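These notes are about the structure you will find just below.
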2 protein chains.
Amino acid sequence: MSQRDTNTEQHIKDTAKRIFFSEGKLHATTQDIADAAGVNRTLLNYYFRSRDILFEQVATEARAEMSAVMDFVFTAKLEFKDKIEQMIDVFMDQVMKFPYREMYVVTELNRTEKIIPEEKKTRLKSFLKEISEEMEKGKIKKMDPRQFCMNLFALMAYPLITNCINKSLYNIGDAEYLKLMKDRKQLIFEMVYQ
Amino acid sequence: MSQRDTNTEQHIKDTAKRIFFSEGKLHATTQDIADAAGVNRTLLNYYFRSRDILFEQVATEARAEMSAVMDFVFTAKLEFKDKIEQMIDVFMDQVMKFPYREMYVVTELNRTEKIIPEEKKTRLKSFLKEISEEMEKGKIKKMDPRQFCMNLFALMAYPLITNCINKSLYNIGDAEYLKLMKDRKQLIFEMVYQ
DNA sequence: TTGGCGTTTAACAAAAATGTTAAACATAAT
DNA sequence: ATTATGTTTAACATTTTTGTTAAACGCCAA
């Protein structure tokens with residue numbers, strides 16, 4: 001830590017996240033980000049040296065945050081039913097805040113052909129197993145557990161990605177949209193559980 | 001029509017669509033597109049004068065194609081149940097071919113602040129009404145019809161957008177993924193039409 | 001067979017985005 | 001009060017992307 005501590009470096013990254021993940025402006029330039037952060041563009045180079053480094057850090061933090069959230073839920077000592085409920089609650093809050101975060105990761109993957117670390121896969125595997133067991137018990141409809149996962153995440157994430165279309169299409173404002181999204185928590189639970 | 005008829009102009013647009021909508025490379029440059037189309041970049045300017053015009057044409061055609069598909073389904077003279085079945089069949093085929101098409105439209109909307117024409121909204125409205133009626137009849141679970149729509153489209157579109165993540169996460173190859181997506185047609189129908 | 005069209009090549013121009021440098025300024029911490 | 005740090009300004013350099021122009025080539029159709 002430096003003697004004089006502004007946290008401008010983090011502020012810049014947070015602004016980039018807002019632009020990319022909340023506003024979905026995937027084509028934003030360094031100038032756009034500097035403007036939005038209310039700082040001079042040279043400051044971005046001062047802190048990050050290059051656009052690529054900034055973007056990479058943002059992407060890395062994004063992946064870390066997503067992992068942290070998923071871990072929190074996956075490893076929770078809860079009954080399956082409660083775990084699902086908690087997952088919906090936590091994950092929906094996330095996508096409401098950062099609707100385009102996964103989209104950013106996807107387009108970065110499409111651009112750069114990166115790969116997903118093994119550890120994440122093992123965490124998911126144990127969750128898939130839990131799902132299977134719950135199906136055996138007859139608590140949820142039987143299907144490929146991967147399909148169950150896809151359903152769950154689709155129902156949570158998609159309506160927020162298409163936010164701008166939906167608002168216009170269904171003629172709804174910010175407040176009502178927020179309410180619809182909050183109502184979805186219960187609705188989604190009812191759809192996937194039984 | 002010209003005396004000598006290559007259809008290079010359309011070929012270029014189709015290539016752009018493939019790159020944007022199928023491969024999800026939202027940051028592709030005119031050079032990328034020219035290369036993928038196997039033509040010289042100057043030819044893009046020859047046909048379209050500017051990148052913006054090409055992109056606008058591609059976006060316009062995308063919207064038109066999506067509208068055409070939706071119209072085909074919305075206006076079909078079918079019972080609600082069959083209509084839903086057909087919608088899933090037709091729409092899933094679309095998203096399997098162009099997973100990122102809606103994503104492209106969304107990011108363009110976020111970039112340019114365009115607006116959606118009224119006509120589309122009225123078509124949707126009559127569909128929402130059909131949904132309400134079906135709920136009254138007790139054929140499907142009661143909820144806000146808009147939520148029903150969001151559920152339906154989420155279940156269809158999202159797993160294909162996150163294609164690259166899913167393949168890696170669930171350790172599946174192209175063939176198996178294709179099968180999973182085909183199986184989803186039936187699965188989604190069962191989820192929304194209890 | 002030749003004229004017109006589609007296409008490429010090459011060489012630039014222009015614009016947009018990014019990166020660099022040095023100097024000046026502000027100010028909180030010592 | 002001085003200094004080190006954070007920040008801005010301004011002036012450029014570099015790189016990437018896009019747009020322009022003119023000439024040449026291949027070839028099909030009239």
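In the structure tokens, chains take letters A, B, ... by order of appearance, with residues numbered from 1 within each chain and ligands from 1 in the order shown.
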
Give me, as a JSON list (two decimals) with N, CA and C atoms (P, O5', C5', C4', C3', O3' and C1' of nucleotides), in the first residue's frame, all polymer residues having an atom no more than 12 Å from range 19-23 of chain C, counting only C-alpha atoms (C1' of nucleotides) and skipping those fewer than 3 positions away in the same chain.
```
[["chain", "number", "residue", "atom", "x", "y", "z"],
["A", 30, "THR", "N", -10.92, 2.60, -24.33],
["A", 30, "THR", "CA", -10.27, 3.09, -23.11],
["A", 30, "THR", "C", -10.74, 4.51, -22.79],
["A", 41, "ARG", "N", -7.34, 9.79, -19.58],
["A", 41, "ARG", "CA", -7.03, 8.49, -20.18],
["A", 41, "ARG", "C", -5.61, 8.03, -19.89],
["A", 42, "THR", "N", -4.69, 8.98, -19.77],
["A", 42, "THR", "CA", -3.31, 8.58, -19.49],
["A", 42, "THR", "C", -3.20, 7.84, -18.17],
["A", 43, "LEU", "N", -4.16, 8.10, -17.29],
["A", 43, "LEU", "CA", -4.12, 7.44, -15.99],
["A", 43, "LEU", "C", -4.34, 5.93, -16.13],
["A", 44, "LEU", "N", -5.10, 5.56, -17.13],
["A", 44, "LEU", "CA", -5.29, 4.12, -17.36],
["A", 44, "LEU", "C", -3.96, 3.48, -17.70],
["A", 45, "ASN", "N", -3.18, 4.16, -18.56],
["A", 45, "ASN", "CA", -1.87, 3.62, -18.91],
["A", 45, "ASN", "C", -0.92, 3.67, -17.72],
["A", 46, "TYR", "N", -1.08, 4.71, -16.91],
["A", 46, "TYR", "CA", -0.26, 4.83, -15.71],
["A", 46, "TYR", "C", -0.46, 3.62, -14.80],
["A", 48, "PHE", "N", -2.27, 0.65, -15.64],
["A", 48, "PHE", "CA", -2.37, -0.69, -16.25],
["A", 48, "PHE", "C", -1.43, -0.90, -17.43],
["A", 49, "ARG", "N", -0.71, 0.12, -17.84],
["A", 49, "ARG", "CA", 0.24, 0.01, -18.96],
["A", 49, "ARG", "C", -0.44, -0.17, -20.32],
["A", 50, "SER", "N", -1.42, -1.06, -20.36],
["A", 50, "SER", "CA", -2.09, -1.23, -21.66],
["A", 50, "SER", "C", -3.54, -1.64, -21.47],
["A", 51, "ARG", "N", -4.27, -1.39, -22.49],
["A", 51, "ARG", "CA", -5.67, -1.75, -22.54],
["A", 51, "ARG", "C", -5.86, -3.25, -22.28],
["A", 52, "ASP", "N", -5.02, -4.05, -22.94],
["A", 52, "ASP", "CA", -5.14, -5.50, -22.79],
["A", 52, "ASP", "C", -4.99, -5.95, -21.34],
["D", 8, "DT", "P", -7.20, 13.04, -13.38],
["D", 8, "DT", "O5'", -6.43, 14.29, -14.01],
["D", 8, "DT", "C5'", -6.52, 15.55, -13.39],
["D", 8, "DT", "C4'", -5.72, 16.57, -14.19],
["D", 8, "DT", "C3'", -6.13, 16.68, -15.67],
["D", 8, "DT", "O3'", -6.36, 18.05, -15.96],
["D", 8, "DT", "C1'", -3.79, 16.38, -15.47],
["D", 9, "DT", "P", -7.13, 18.43, -17.31],
["D", 9, "DT", "O5'", -5.96, 19.00, -18.23],
["D", 9, "DT", "C5'", -4.91, 19.74, -17.63],
["D", 9, "DT", "C4'", -3.77, 19.94, -18.60],
["D", 9, "DT", "C3'", -4.14, 19.93, -20.09],
["D", 9, "DT", "O3'", -3.80, 21.19, -20.63],
["D", 9, "DT", "C1'", -2.23, 18.57, -19.67],
["D", 10, "DA", "P", -4.27, 21.64, -22.10],
["D", 10, "DA", "O5'", -2.97, 21.27, -22.93],
["D", 10, "DA", "C5'", -1.68, 21.46, -22.34],
["D", 10, "DA", "C4'", -0.62, 20.90, -23.26],
["D", 10, "DA", "C3'", -1.08, 20.76, -24.72],
["D", 10, "DA", "O3'", -0.01, 21.15, -25.56],
["D", 10, "DA", "C1'", -0.33, 18.70, -23.97],
["D", 11, "DA", "P", -0.23, 21.45, -27.09],
["D", 11, "DA", "O5'", 1.20, 21.08, -27.67],
["D", 11, "DA", "C5'", 2.25, 20.65, -26.79],
["D", 11, "DA", "C4'", 2.83, 19.35, -27.29],
["D", 11, "DA", "C3'", 2.57, 19.09, -28.79],
["D", 11, "DA", "O3'", 3.81, 18.83, -29.44],
["D", 11, "DA", "C1'", 2.09, 17.17, -27.51],
["D", 12, "DC", "P", 3.89, 18.93, -31.03],
["D", 12, "DC", "O5'", 4.34, 17.47, -31.44],
["D", 12, "DC", "C5'", 3.56, 16.40, -30.94],
["D", 12, "DC", "C4'", 4.45, 15.22, -30.66],
["D", 12, "DC", "C3'", 4.52, 14.30, -31.88],
["D", 12, "DC", "O3'", 5.79, 13.67, -31.96],
["D", 12, "DC", "C1'", 3.35, 13.23, -30.08],
["D", 13, "DA", "P", 6.11, 12.88, -33.31],
["D", 13, "DA", "O5'", 5.92, 11.39, -32.79],
["D", 13, "DA", "C5'", 6.61, 10.95, -31.63],
["D", 13, "DA", "C4'", 6.39, 9.45, -31.49],
["D", 13, "DA", "C3'", 6.45, 8.70, -32.81],
["D", 13, "DA", "O3'", 7.11, 7.46, -32.59],
["D", 13, "DA", "C1'", 4.29, 8.44, -31.86],
["D", 14, "DT", "P", 7.20, 6.40, -33.80],
["D", 14, "DT", "O5'", 5.97, 5.43, -33.51],
["D", 14, "DT", "C5'", 5.66, 5.08, -32.18],
["D", 14, "DT", "C4'", 4.59, 3.99, -32.20],
["D", 14, "DT", "C3'", 4.58, 3.15, -33.46],
["D", 14, "DT", "O3'", 4.52, 1.79, -33.07],
["D", 14, "DT", "C1'", 2.44, 4.09, -33.08],
["D", 15, "DT", "P", 4.48, 0.59, -34.13],
["D", 15, "DT", "O5'", 2.93, 0.18, -34.05],
["D", 15, "DT", "C5'", 2.27, 0.28, -32.80],
["D", 15, "DT", "C4'", 0.82, -0.10, -32.96],
["D", 15, "DT", "C3'", 0.55, -1.08, -34.09],
["D", 15, "DT", "O3'", -0.35, -2.04, -33.59],
["D", 15, "DT", "C1'", -0.78, 0.84, -34.37]]
```

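Once range 133-138 of chain A and its same-chain neighbours fewer than 3 positions away are set aside, Glu79, Phe80, Lys81, Lys83, Ile84, Ser126, Phe127, Leu128, Lys129, Glu130, Lys141, Lys142, Met143, Asp144, Pro145, Phe148, Val192, Tyr193 and Gln194 of chain A remain within 12 Å of it when counting only C-alpha atoms (C1' of nucleotides).
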
For the residues in that selection, give me N, CA and C atoms as a PDB file, in the first residue's frame.
```
ATOM      1  N   GLU A  79     -29.811 -28.592   2.725  1.00  0.00           N
ATOM      2  CA  GLU A  79     -30.548 -29.588   1.961  1.00  0.00           C
ATOM      3  C   GLU A  79     -30.662 -29.089   0.525  1.00  0.00           C
ATOM      4  N   PHE A  80     -30.808 -30.025  -0.383  1.00  0.00           N
ATOM      5  CA  PHE A  80     -30.839 -29.676  -1.804  1.00  0.00           C
ATOM      6  C   PHE A  80     -31.861 -28.578  -2.101  1.00  0.00           C
ATOM      7  N   LYS A  81     -33.035 -28.771  -1.551  1.00  0.00           N
ATOM      8  CA  LYS A  81     -34.102 -27.806  -1.816  1.00  0.00           C
ATOM      9  C   LYS A  81     -33.691 -26.391  -1.409  1.00  0.00           C
ATOM     10  N   LYS A  83     -30.722 -25.372  -0.919  1.00  0.00           N
ATOM     11  CA  LYS A  83     -29.563 -24.952  -1.695  1.00  0.00           C
ATOM     12  C   LYS A  83     -29.995 -24.300  -3.013  1.00  0.00           C
ATOM     13  N   ILE A  84     -30.973 -24.936  -3.637  1.00  0.00           N
ATOM     14  CA  ILE A  84     -31.500 -24.375  -4.887  1.00  0.00           C
ATOM     15  C   ILE A  84     -32.106 -22.999  -4.623  1.00  0.00           C
ATOM     16  N   SER A 126     -19.888 -32.413  -8.483  1.00  0.00           N
ATOM     17  CA  SER A 126     -20.527 -32.857  -7.253  1.00  0.00           C
ATOM     18  C   SER A 126     -21.944 -32.289  -7.162  1.00  0.00           C
ATOM     19  N   PHE A 127     -22.136 -31.118  -7.752  1.00  0.00           N
ATOM     20  CA  PHE A 127     -23.488 -30.553  -7.782  1.00  0.00           C
ATOM     21  C   PHE A 127     -24.387 -31.387  -8.697  1.00  0.00           C
ATOM     22  N   LEU A 128     -23.830 -31.802  -9.833  1.00  0.00           N
ATOM     23  CA  LEU A 128     -24.600 -32.653 -10.749  1.00  0.00           C
ATOM     24  C   LEU A 128     -25.007 -33.961 -10.062  1.00  0.00           C
ATOM     25  N   LYS A 129     -24.112 -34.455  -9.218  1.00  0.00           N
ATOM     26  CA  LYS A 129     -24.398 -35.685  -8.490  1.00  0.00           C
ATOM     27  C   LYS A 129     -25.562 -35.477  -7.521  1.00  0.00           C
ATOM     28  N   GLU A 130     -25.501 -34.361  -6.812  1.00  0.00           N
ATOM     29  CA  GLU A 130     -26.610 -34.027  -5.907  1.00  0.00           C
ATOM     30  C   GLU A 130     -27.931 -33.994  -6.652  1.00  0.00           C
ATOM     31  N   LYS A 141     -38.173 -33.649 -11.229  1.00  0.00           N
ATOM     32  CA  LYS A 141     -38.405 -34.387 -12.488  1.00  0.00           C
ATOM     33  C   LYS A 141     -37.104 -34.984 -13.018  1.00  0.00           C
ATOM     34  N   LYS A 142     -37.192 -36.242 -13.451  1.00  0.00           N
ATOM     35  CA  LYS A 142     -35.996 -36.907 -13.963  1.00  0.00           C
ATOM     36  C   LYS A 142     -35.604 -36.387 -15.346  1.00  0.00           C
ATOM     37  N   MET A 143     -34.331 -36.121 -15.488  1.00  0.00           N
ATOM     38  CA  MET A 143     -33.797 -35.701 -16.789  1.00  0.00           C
ATOM     39  C   MET A 143     -32.281 -35.728 -16.674  1.00  0.00           C
ATOM     40  N   ASP A 144     -31.615 -35.512 -17.743  1.00  0.00           N
ATOM     41  CA  ASP A 144     -30.162 -35.365 -17.695  1.00  0.00           C
ATOM     42  C   ASP A 144     -29.830 -34.207 -16.755  1.00  0.00           C
ATOM     43  N   PRO A 145     -29.034 -34.446 -15.709  1.00  0.00           N
ATOM     44  CA  PRO A 145     -28.727 -33.384 -14.731  1.00  0.00           C
ATOM     45  C   PRO A 145     -28.138 -32.140 -15.381  1.00  0.00           C
ATOM     46  N   PHE A 148     -30.887 -30.044 -16.358  1.00  0.00           N
ATOM     47  CA  PHE A 148     -31.430 -29.355 -15.186  1.00  0.00           C
ATOM     48  C   PHE A 148     -30.635 -28.079 -14.916  1.00  0.00           C
ATOM     49  N   VAL A 192     -38.342 -25.373 -11.488  1.00  0.00           N
ATOM     50  CA  VAL A 192     -37.316 -26.414 -11.514  1.00  0.00           C
ATOM     51  C   VAL A 192     -37.501 -27.439 -10.413  1.00  0.00           C
ATOM     52  N   TYR A 193     -38.114 -27.039  -9.303  1.00  0.00           N
ATOM     53  CA  TYR A 193     -38.301 -27.968  -8.201  1.00  0.00           C
ATOM     54  C   TYR A 193     -39.696 -28.537  -8.284  1.00  0.00           C
ATOM     55  N   GLN A 194     -39.807 -29.787  -8.647  1.00  0.00           N
ATOM     56  CA  GLN A 194     -41.024 -30.597  -8.916  1.00  0.00           C
ATOM     57  C   GLN A 194     -41.705 -30.278 -10.206  1.00  0.00           C
TER      58      GLN A 194
END
```

Would you give me, as a Markdown table, each residue of chain D having an atom within 8 Å of an atom of chain A, along with its shortest atom pair and that distance in Å to one decimal, using only C-alpha atoms (C1' of nucleotides) and sorting by chain and residue number?
```
| residue | atom | partner | partner_atom | distance |
| --- | --- | --- | --- | --- |
| D:DT5 | C1' | A:Arg4 | CA | 6.5 |
| D:DG6 | C1' | A:Thr6 | CA | 7.8 |
| D:DT7 | C1' | A:Leu43 | CA | 7.5 |
| D:DT8 | C1' | A:Asn40 | CA | 6.9 |
```

May I have the selected residues written with C-alpha atoms (C1' of nucleotides), as a PDB file, in the first residue's frame?
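Ended up saving to selection04.pdb:
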```
ATOM      1  C1'  DT D   5       2.420  10.575  -4.906  1.00  0.00           C
ATOM      2  C1'  DG D   6      -1.590  11.037  -7.682  1.00  0.00           C
ATOM      3  C1'  DT D   7      -3.322  13.401 -11.467  1.00  0.00           C
ATOM      4  C1'  DT D   8      -3.788  16.377 -15.470  1.00  0.00           C
TER       5       DT D   8
END
```

Query - Selection near Glu61 in chain A, 12 Å with only C-alpha atoms (C1' of nucleotides), sequence-local residues under 6 positions removed, as a list in words - result: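 Contacts, in chain order: Gln10, Lys13, Asp14, Ala16, Lys17, Phe21, Leu54, Phe55, Ser67, Ala68, Arg101 and Val105 of chain A.
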
Same residues, C-alpha atoms, saved as a PDB file, in the first residue's frame:
```
ATOM      1  CA  GLN A  10      -9.918  -0.063  -8.312  1.00  0.00           C
ATOM      2  CA  LYS A  13     -11.689  -1.324 -12.849  1.00  0.00           C
ATOM      3  CA  ASP A  14     -15.105  -0.941 -11.244  1.00  0.00           C
ATOM      4  CA  ALA A  16     -14.965  -0.828 -16.632  1.00  0.00           C
ATOM      5  CA  LYS A  17     -17.053  -3.533 -15.011  1.00  0.00           C
ATOM      6  CA  PHE A  21     -21.177  -6.006 -17.282  1.00  0.00           C
ATOM      7  CA  LEU A  54      -6.749  -3.734 -17.884  1.00  0.00           C
ATOM      8  CA  PHE A  55      -9.235  -5.874 -19.787  1.00  0.00           C
ATOM      9  CA  SER A  67     -16.481 -18.577  -8.953  1.00  0.00           C
ATOM     10  CA  ALA A  68     -16.721 -17.173  -5.455  1.00  0.00           C
ATOM     11  CA  ARG A 101     -20.910 -10.441 -17.163  1.00  0.00           C
ATOM     12  CA  VAL A 105     -16.687 -13.899 -20.637  1.00  0.00           C
TER      13      VAL A 105
END
```

Using only C-alpha atoms (C1' of nucleotides), tabulate the residues of chain C lying at most 10 Å from any atom of chain B, each with its closest atom pair and that distance in Å to one decimal, by chain and increasing residue number, as a Markdown table.
```
| residue | atom | partner | partner_atom | distance |
| --- | --- | --- | --- | --- |
| C:DG4 | C1' | B:Gln3 | CA | 9.0 |
| C:DC5 | C1' | B:Arg4 | CA | 6.8 |
| C:DG6 | C1' | B:Thr6 | CA | 7.9 |
| C:DT7 | C1' | B:Leu43 | CA | 7.6 |
| C:DT8 | C1' | B:Asn40 | CA | 6.9 |
| C:DT9 | C1' | B:Asn40 | CA | 9.4 |
```

Query raised in the report: Which of these residues is nearest to Asp183 in chain B, using only C-alpha atoms: B:Ile131, B:Glu108, B:Glu113, B:Asp89?
Result: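 Result for the nearest residue to Asp183 in chain B: B:Asp89.
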
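For chain A, the residues close to chain B, meaning within 7 Å and counting only C-alpha atoms, are Gly24, Lys25, Val106, Thr107, Asn110, Arg111, Ile116, Lys121, Met150, Asn151, Ala154, Leu155, Tyr158, Pro159, Thr162, Ser168 and Leu169 of chain A.
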
Requested in this report: Would you work out the distance separating CA of Glu176 in chain B from CA of Glu85 in chain B, expressed in Å to one decimal?
Outcome: 22.8 Å

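Relative to CA of Gln31 in chain B, C1' of DT17 in chain D is found at 8.6 Å.
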
Report task. From the DSSP assignment of the backbone, select every residue of range 4-72 of chain B that is alpha helix (DSSP H), and format the answer as a PyMOL selection string. Result -> chain B and resi 8-17+30-37+41-48+51-72

Go ahead and write the residues just picked, N, CA and C atoms, as a tab-separated table (two decimals), in the first residue's frame.
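Output below, filename result-v4.tsv:
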```tsv
chain	number	residue	atom	x	y	z
B	8	THR	N	-21.75	-12.42	-54.87
B	8	THR	CA	-20.73	-12.13	-53.86
B	8	THR	C	-21.25	-11.20	-52.79
B	9	GLU	N	-22.07	-10.26	-53.18
B	9	GLU	CA	-22.60	-9.32	-52.19
B	9	GLU	C	-23.32	-10.08	-51.07
B	10	GLN	N	-24.19	-11.00	-51.48
B	10	GLN	CA	-24.90	-11.79	-50.47
B	10	GLN	C	-23.94	-12.69	-49.71
B	11	HIS	N	-22.96	-13.22	-50.43
B	11	HIS	CA	-21.98	-14.11	-49.80
B	11	HIS	C	-21.23	-13.38	-48.68
B	12	ILE	N	-20.92	-12.13	-48.92
B	12	ILE	CA	-20.22	-11.35	-47.90
B	12	ILE	C	-21.13	-11.16	-46.68
B	13	LYS	N	-22.38	-10.82	-46.93
B	13	LYS	CA	-23.30	-10.65	-45.82
B	13	LYS	C	-23.48	-11.95	-45.05
B	14	ASP	N	-23.60	-13.04	-45.78
B	14	ASP	CA	-23.76	-14.34	-45.12
B	14	ASP	C	-22.54	-14.68	-44.26
B	15	THR	N	-21.37	-14.33	-44.77
B	15	THR	CA	-20.15	-14.58	-44.00
B	15	THR	C	-20.14	-13.75	-42.73
B	16	ALA	N	-20.53	-12.49	-42.86
B	16	ALA	CA	-20.61	-11.62	-41.69
B	16	ALA	C	-21.57	-12.21	-40.67
B	17	LYS	N	-22.69	-12.71	-41.16
B	17	LYS	CA	-23.67	-13.32	-40.25
B	17	LYS	C	-23.06	-14.52	-39.55
B	30	THR	N	-13.62	-5.54	-40.54
B	30	THR	CA	-13.93	-5.76	-41.96
B	30	THR	C	-12.91	-6.71	-42.58
B	31	GLN	N	-11.67	-6.61	-42.13
B	31	GLN	CA	-10.63	-7.52	-42.62
B	31	GLN	C	-10.96	-8.96	-42.26
B	32	ASP	N	-11.38	-9.17	-41.02
B	32	ASP	CA	-11.76	-10.51	-40.59
B	32	ASP	C	-12.83	-11.09	-41.51
B	33	ILE	N	-13.81	-10.25	-41.82
B	33	ILE	CA	-14.93	-10.71	-42.63
B	33	ILE	C	-14.48	-10.99	-44.06
B	34	ALA	N	-13.68	-10.08	-44.60
B	34	ALA	CA	-13.17	-10.28	-45.96
B	34	ALA	C	-12.38	-11.59	-46.03
B	35	ASP	N	-11.50	-11.80	-45.07
B	35	ASP	CA	-10.71	-13.04	-45.03
B	35	ASP	C	-11.62	-14.27	-45.00
B	36	ALA	N	-12.58	-14.22	-44.08
B	36	ALA	CA	-13.48	-15.38	-43.93
B	36	ALA	C	-14.28	-15.62	-45.19
B	37	ALA	N	-14.60	-14.55	-45.90
B	37	ALA	CA	-15.38	-14.69	-47.14
B	37	ALA	C	-14.48	-15.05	-48.31
B	41	ARG	N	-10.52	-7.09	-49.19
B	41	ARG	CA	-11.27	-6.15	-48.35
B	41	ARG	C	-11.88	-4.99	-49.13
B	42	THR	N	-11.19	-4.57	-50.19
B	42	THR	CA	-11.73	-3.45	-50.98
B	42	THR	C	-13.09	-3.78	-51.57
B	43	LEU	N	-13.33	-5.07	-51.74
B	43	LEU	CA	-14.62	-5.48	-52.30
B	43	LEU	C	-15.77	-5.15	-51.36
B	44	LEU	N	-15.49	-5.17	-50.07
B	44	LEU	CA	-16.53	-4.80	-49.11
B	44	LEU	C	-16.94	-3.34	-49.33
B	45	ASN	N	-15.91	-2.49	-49.53
B	45	ASN	CA	-16.22	-1.09	-49.78
B	45	ASN	C	-16.88	-0.91	-51.15
B	46	TYR	N	-16.47	-1.74	-52.10
B	46	TYR	CA	-17.08	-1.69	-53.43
B	46	TYR	C	-18.58	-1.93	-53.34
B	47	TYR	N	-18.97	-2.92	-52.55
B	47	TYR	CA	-20.39	-3.26	-52.45
B	47	TYR	C	-21.15	-2.42	-51.42
B	48	PHE	N	-20.49	-2.12	-50.30
B	48	PHE	CA	-21.24	-1.51	-49.20
B	48	PHE	C	-20.79	-0.09	-48.84
B	51	ARG	N	-18.20	0.18	-43.62
B	51	ARG	CA	-18.42	-0.84	-42.61
B	51	ARG	C	-19.79	-0.67	-41.96
B	52	ASP	N	-20.13	0.58	-41.61
B	52	ASP	CA	-21.40	0.84	-40.94
B	52	ASP	C	-22.58	0.37	-41.78
B	53	ILE	N	-22.50	0.63	-43.09
B	53	ILE	CA	-23.61	0.24	-43.97
B	53	ILE	C	-23.73	-1.28	-44.02
B	54	LEU	N	-22.62	-1.95	-44.16
B	54	LEU	CA	-22.64	-3.42	-44.13
B	54	LEU	C	-23.26	-3.93	-42.84
B	55	PHE	N	-22.75	-3.40	-41.72
B	55	PHE	CA	-23.24	-3.87	-40.43
B	55	PHE	C	-24.72	-3.57	-40.26
B	56	GLU	N	-25.13	-2.41	-40.72
B	56	GLU	CA	-26.53	-2.04	-40.59
B	56	GLU	C	-27.41	-2.98	-41.41
B	57	GLN	N	-26.94	-3.29	-42.62
B	57	GLN	CA	-27.70	-4.23	-43.46
B	57	GLN	C	-27.80	-5.60	-42.81
B	58	VAL	N	-26.69	-6.04	-42.26
B	58	VAL	CA	-26.69	-7.33	-41.59
B	58	VAL	C	-27.67	-7.32	-40.41
B	59	ALA	N	-27.62	-6.26	-39.62
B	59	ALA	CA	-28.52	-6.15	-38.47
B	59	ALA	C	-29.97	-6.10	-38.92
B	60	THR	N	-30.23	-5.35	-39.98
B	60	THR	CA	-31.59	-5.24	-40.49
B	60	THR	C	-32.10	-6.60	-40.97
B	61	GLU	N	-31.25	-7.30	-41.73
B	61	GLU	CA	-31.66	-8.63	-42.20
B	61	GLU	C	-31.88	-9.57	-41.02
B	62	ALA	N	-31.03	-9.43	-40.00
B	62	ALA	CA	-31.18	-10.28	-38.81
B	62	ALA	C	-32.53	-10.06	-38.17
B	63	ARG	N	-32.87	-8.78	-37.99
B	63	ARG	CA	-34.17	-8.46	-37.39
B	63	ARG	C	-35.31	-9.00	-38.25
B	64	ALA	N	-35.16	-8.83	-39.55
B	64	ALA	CA	-36.21	-9.29	-40.47
B	64	ALA	C	-36.38	-10.80	-40.40
B	65	GLU	N	-35.25	-11.52	-40.38
B	65	GLU	CA	-35.32	-12.98	-40.31
B	65	GLU	C	-35.98	-13.43	-39.01
B	66	MET	N	-35.60	-12.77	-37.91
B	66	MET	CA	-36.19	-13.13	-36.63
B	66	MET	C	-37.69	-12.84	-36.65
B	67	SER	N	-38.07	-11.70	-37.19
B	67	SER	CA	-39.49	-11.36	-37.28
B	67	SER	C	-40.24	-12.38	-38.12
B	68	ALA	N	-39.64	-12.75	-39.25
B	68	ALA	CA	-40.30	-13.70	-40.15
B	68	ALA	C	-40.58	-15.00	-39.44
B	69	VAL	N	-39.58	-15.48	-38.71
B	69	VAL	CA	-39.74	-16.73	-37.99
B	69	VAL	C	-40.84	-16.60	-36.93
B	70	MET	N	-40.78	-15.51	-36.17
B	70	MET	CA	-41.77	-15.33	-35.12
B	70	MET	C	-43.17	-15.18	-35.71
B	71	ASP	N	-43.28	-14.44	-36.79
B	71	ASP	CA	-44.58	-14.28	-37.44
B	71	ASP	C	-45.15	-15.61	-37.87
B	72	PHE	N	-44.28	-16.38	-38.49
B	72	PHE	CA	-44.70	-17.71	-38.97
B	72	PHE	C	-45.36	-18.49	-37.84
```

**Report entry** Exercise: DT2 in chain C partners within 12 Å, only C-alpha atoms (C1' of nucleotides), chain neighbours under 3 positions left out, as a ChimeraX atom specification
**Finding:** /D:27-30

I need the residues from that last selection saved to file as a tab-separated table (two decimals), in the first residue's frame (with C-alpha atoms (C1' of nucleotides)), if you can.
```tsv
chain	number	residue	atom	x	y	z
D	27	DC	C1'	-13.59	-13.72	-68.16
D	28	DC	C1'	-18.34	-14.12	-69.65
D	29	DA	C1'	-21.77	-12.27	-72.79
D	30	DA	C1'	-23.14	-9.77	-76.43
```
